[in-house]
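Trainee: Would you mind keeping the following structure in view while I ask a few things?
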Amino acid sequence: MEKIPPSHANQPTPPVKPQEQRGMIIKYANFLGSFTTIAQCPPPAKPEYAFIGRSNVGKSSLINMLTGRNSLAHVSHTPGKTQTLNFYHINESWYLVDLPGYGFAKVSKTKRQEFEQMLRRYLQKRENLQCVFLLIDSRIPPQQSDLDFANWLGEMMIPFVFVFTKTDDRAFKPANIDNFKQALLETWNEMPQYFITSSRRTTGKAELLSFINGLNKQFAP
Ligand SMILES: Nc1nc2c(ncn2[C@@H]2O[C@H](COP(=O)(O)OP(=O)(O)OP(=O)(O)O)[C@@H](O)[C@H]2O)c(=O)[nH]1
Ligand SMILES: [Mg+2]
């Protein structure tokens, strides 16, 4: 079966041209609140983007990097810190959502199941969700939990792209990205769109913001 989500299914994102780099300036970035159900979330009247990935992959850091705010989202050395749907209102016109990491072994099994259920419900039901950013640690070989999550998103027809994180780190290996693609292509016909990033070096910032900008323009509530 072809598991290509409705949009964004193509090859690596071409670099943003210098004249487009100022495409989106983040003037306002406000923390709106932490929620656990869709009913508590803001009305679905603006485009929304969710960041998901295993604990510690760098979701909160990426949100800070994109918004240019050092401590907007809480960065932690303790995996499993984010346990709610954390909403950020950007330029008063779109939402960024920092989601709890999946696959964190040190919380109890019941707690983990609760998070997973909350996550999956949100991802399946949130009507203004334009795209999910599935973060993958570029320092390690392909992880089954990441492949499983991508497969689930594909089966649910939830549009998503991959974001490879921490490419500044000494442990980063380009082969990890190639191997991830190979592993995914065992079940997919085509590699979904992906971004190469480092929050430390702001790698990929212009590309991600330009991508979001493009989707914002297409949004029809
Ligand atoms: N070298 C490097 N380290 C990073 C980068 N991004 C995040 N980190 C580190 O990775 C750790 C986890 O970062 P977070 O942004 O808190 O990760 P998270 O995915 O939000 O984690 P949870 O909320 O626990 O799921 C922190 O120690 C960060 O400093 C990066 O681009 N490069
Ligand atoms: Mg976090």
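Chain identifiers are assigned as A, B, and so on, following the order in which chains appear in the structure tokens; residues are numbered from 1 within each chain, and ligands are numbered from 1 in order of appearance.
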If the limit is 9 Å from any atom of ligand 1, counting only C-alpha atoms and all ligand atoms, which residues qualify? Return them as a short mmCIF file (atom, residue, chain, number, x, y, z; two decimals) with C-alpha atoms, in the first residue's frame.

Mentor:
```
data_model
loop_
_atom_site.label_atom_id
_atom_site.label_comp_id
_atom_site.auth_asym_id
_atom_site.auth_seq_id
_atom_site.Cartn_x
_atom_site.Cartn_y
_atom_site.Cartn_z
CA PHE A 51 6.14 18.89 16.78
CA ILE A 52 6.42 15.24 17.72
CA GLY A 53 9.25 12.79 18.27
CA ARG A 54 10.90 10.61 20.85
CA SER A 55 11.75 12.16 24.19
CA ASN A 56 14.85 14.33 24.10
CA VAL A 57 14.95 14.51 20.28
CA GLY A 58 14.95 18.32 20.45
CA LYS A 59 11.31 19.43 19.96
CA SER A 60 11.35 22.26 22.48
CA SER A 61 14.78 23.44 21.30
CA LEU A 62 13.52 23.56 17.72
CA ILE A 63 10.55 25.71 18.75
CA ASN A 64 12.91 28.13 20.48
CA MET A 65 15.21 28.17 17.46
CA ALA A 73 9.66 26.19 25.26
CA HIS A 74 11.21 24.36 28.18
CA VAL A 75 14.40 22.52 27.21
CA SER A 76 15.48 19.78 29.54
CA HIS A 77 18.19 17.21 30.08
CA THR A 78 15.55 15.01 31.70
CA PRO A 79 13.67 13.11 28.99
CA GLY A 80 9.89 13.15 29.25
CA LYS A 81 9.65 16.71 30.53
CA THR A 82 6.86 17.81 28.18
CA GLN A 83 3.68 16.03 29.25
CA ASP A 98 4.99 21.15 21.43
CA LEU A 99 3.86 17.58 22.09
CA PRO A 100 5.05 15.06 24.69
CA GLY A 101 7.79 12.73 23.47
CA TYR A 102 6.83 9.14 22.73
CA PHE A 104 10.07 7.31 27.03
CA LEU A 135 11.60 14.85 14.58
CA THR A 165 17.76 17.11 14.48
CA LYS A 166 21.14 17.77 16.14
CA THR A 167 23.25 17.69 12.97
CA ASP A 168 25.85 19.91 14.70
CA ASP A 169 26.67 17.14 17.16
CA ARG A 170 29.90 15.17 16.87
CA ALA A 171 27.87 11.98 16.87
CA THR A 197 18.32 20.93 11.19
CA SER A 198 20.43 21.97 14.13
CA SER A 199 18.89 24.16 16.81
CA ARG A 200 22.36 25.07 18.06
CA ARG A 201 23.40 26.42 14.66
CA THR A 202 19.94 27.46 13.37
CA THR A 203 20.40 25.11 10.41
#
```

Trainee: Pick out the closest residue to ligand 2 from this set: A:Asn86, A:Gln40, A:Asn91, A:Asn176. Count only C-alpha atoms and all ligand atoms.

Mentor: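 Of all the options, A:Asn86 lies closest to ligand 2.
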
Trainee: Using DSSP on the backbone coordinates, identify all residues within range 4-214 of chain A classified as helix (DSSP H, G or I); present the result as an MDAnalysis selection string.

Mentor: chainID A and resid 18:20 38:40 59:67 109:125 144:155 174:184 205:214

Trainee: CA of Pro44 in chain A and CA of Leu129 in chain A are how many Å apart?

Mentor: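 Distance reported for this atom pair: 8.3 Å.
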
Trainee: Write out as a list in words which residues come within 8 Å of Val163 in chain A when counting only C-alpha atoms, dropping same-chain ones fewer than 5 positions away.

Mentor: Phe133, Leu134, Leu135, Ile136, Tyr194, Phe195, Ile196 and Thr197 of chain A

Trainee: Save the residues we just selected, N, CA and C atoms, as a compact mmCIF listing (two decimals), in the first residue's frame?

Mentor:
```txt
# COMPACT_ATOMS: atom_id res chain seq x y z
N PHE A 133 5.38 17.79 12.28
CA PHE A 133 6.82 17.71 12.08
C PHE A 133 7.31 16.55 12.95
N LEU A 134 7.72 15.49 12.31
CA LEU A 134 8.18 14.30 13.04
C LEU A 134 9.70 14.38 13.15
N LEU A 135 10.18 14.64 14.37
CA LEU A 135 11.60 14.85 14.58
C LEU A 135 12.34 13.53 14.78
N ILE A 136 13.49 13.43 14.12
CA ILE A 136 14.30 12.22 14.17
C ILE A 136 15.73 12.62 14.56
N TYR A 194 11.64 16.14 3.81
CA TYR A 194 12.35 16.22 5.09
C TYR A 194 13.28 17.42 5.15
N PHE A 195 13.61 17.79 6.38
CA PHE A 195 14.46 18.95 6.66
C PHE A 195 15.64 18.49 7.52
N ILE A 196 16.78 19.12 7.27
CA ILE A 196 17.99 18.82 8.04
C ILE A 196 18.21 20.01 8.98
N THR A 197 18.26 19.78 10.27
CA THR A 197 18.32 20.93 11.19
C THR A 197 19.36 20.77 12.31
```

Trainee: Between A:Ala50, A:Leu85, A:Val107, A:Ala206, single out the one closest to Thr67 in chain A, counting only C-alpha atoms.

Mentor: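 Residue with the minimum atom-to-atom distance to Thr67 in chain A: A:Ala206.
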
Trainee: Mind giving me the straight-line distance from CA of Leu215 in chain A to CA of Gly154 in chain A in Å, one decimal?

Mentor: 19.0 Å

Trainee: Any idea what's packed within 10 Å of Tyr88 in chain A, counting only C-alpha atoms, ignoring anything in its chain fewer than 6 positions away? Could you give it as a list in words?

Mentor: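 Skipping anything fewer than 6 positions along the chain leaves Tyr28, Ala29, Asn30, Phe31, Leu32, Gly33, Ser34, Glu48, Tyr49, Ile63, Thr67, Leu72, Ala73, Trp94, Tyr95, Leu96, Val97 and Asp98 of chain A.
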
Trainee: Run DSSP on the backbone and tell me which residues of range 120-218 of chain A come out as strand (DSSP E); list them as a PyMOL selection string.

Mentor: chain A and resi 129-137+160-165+194-196
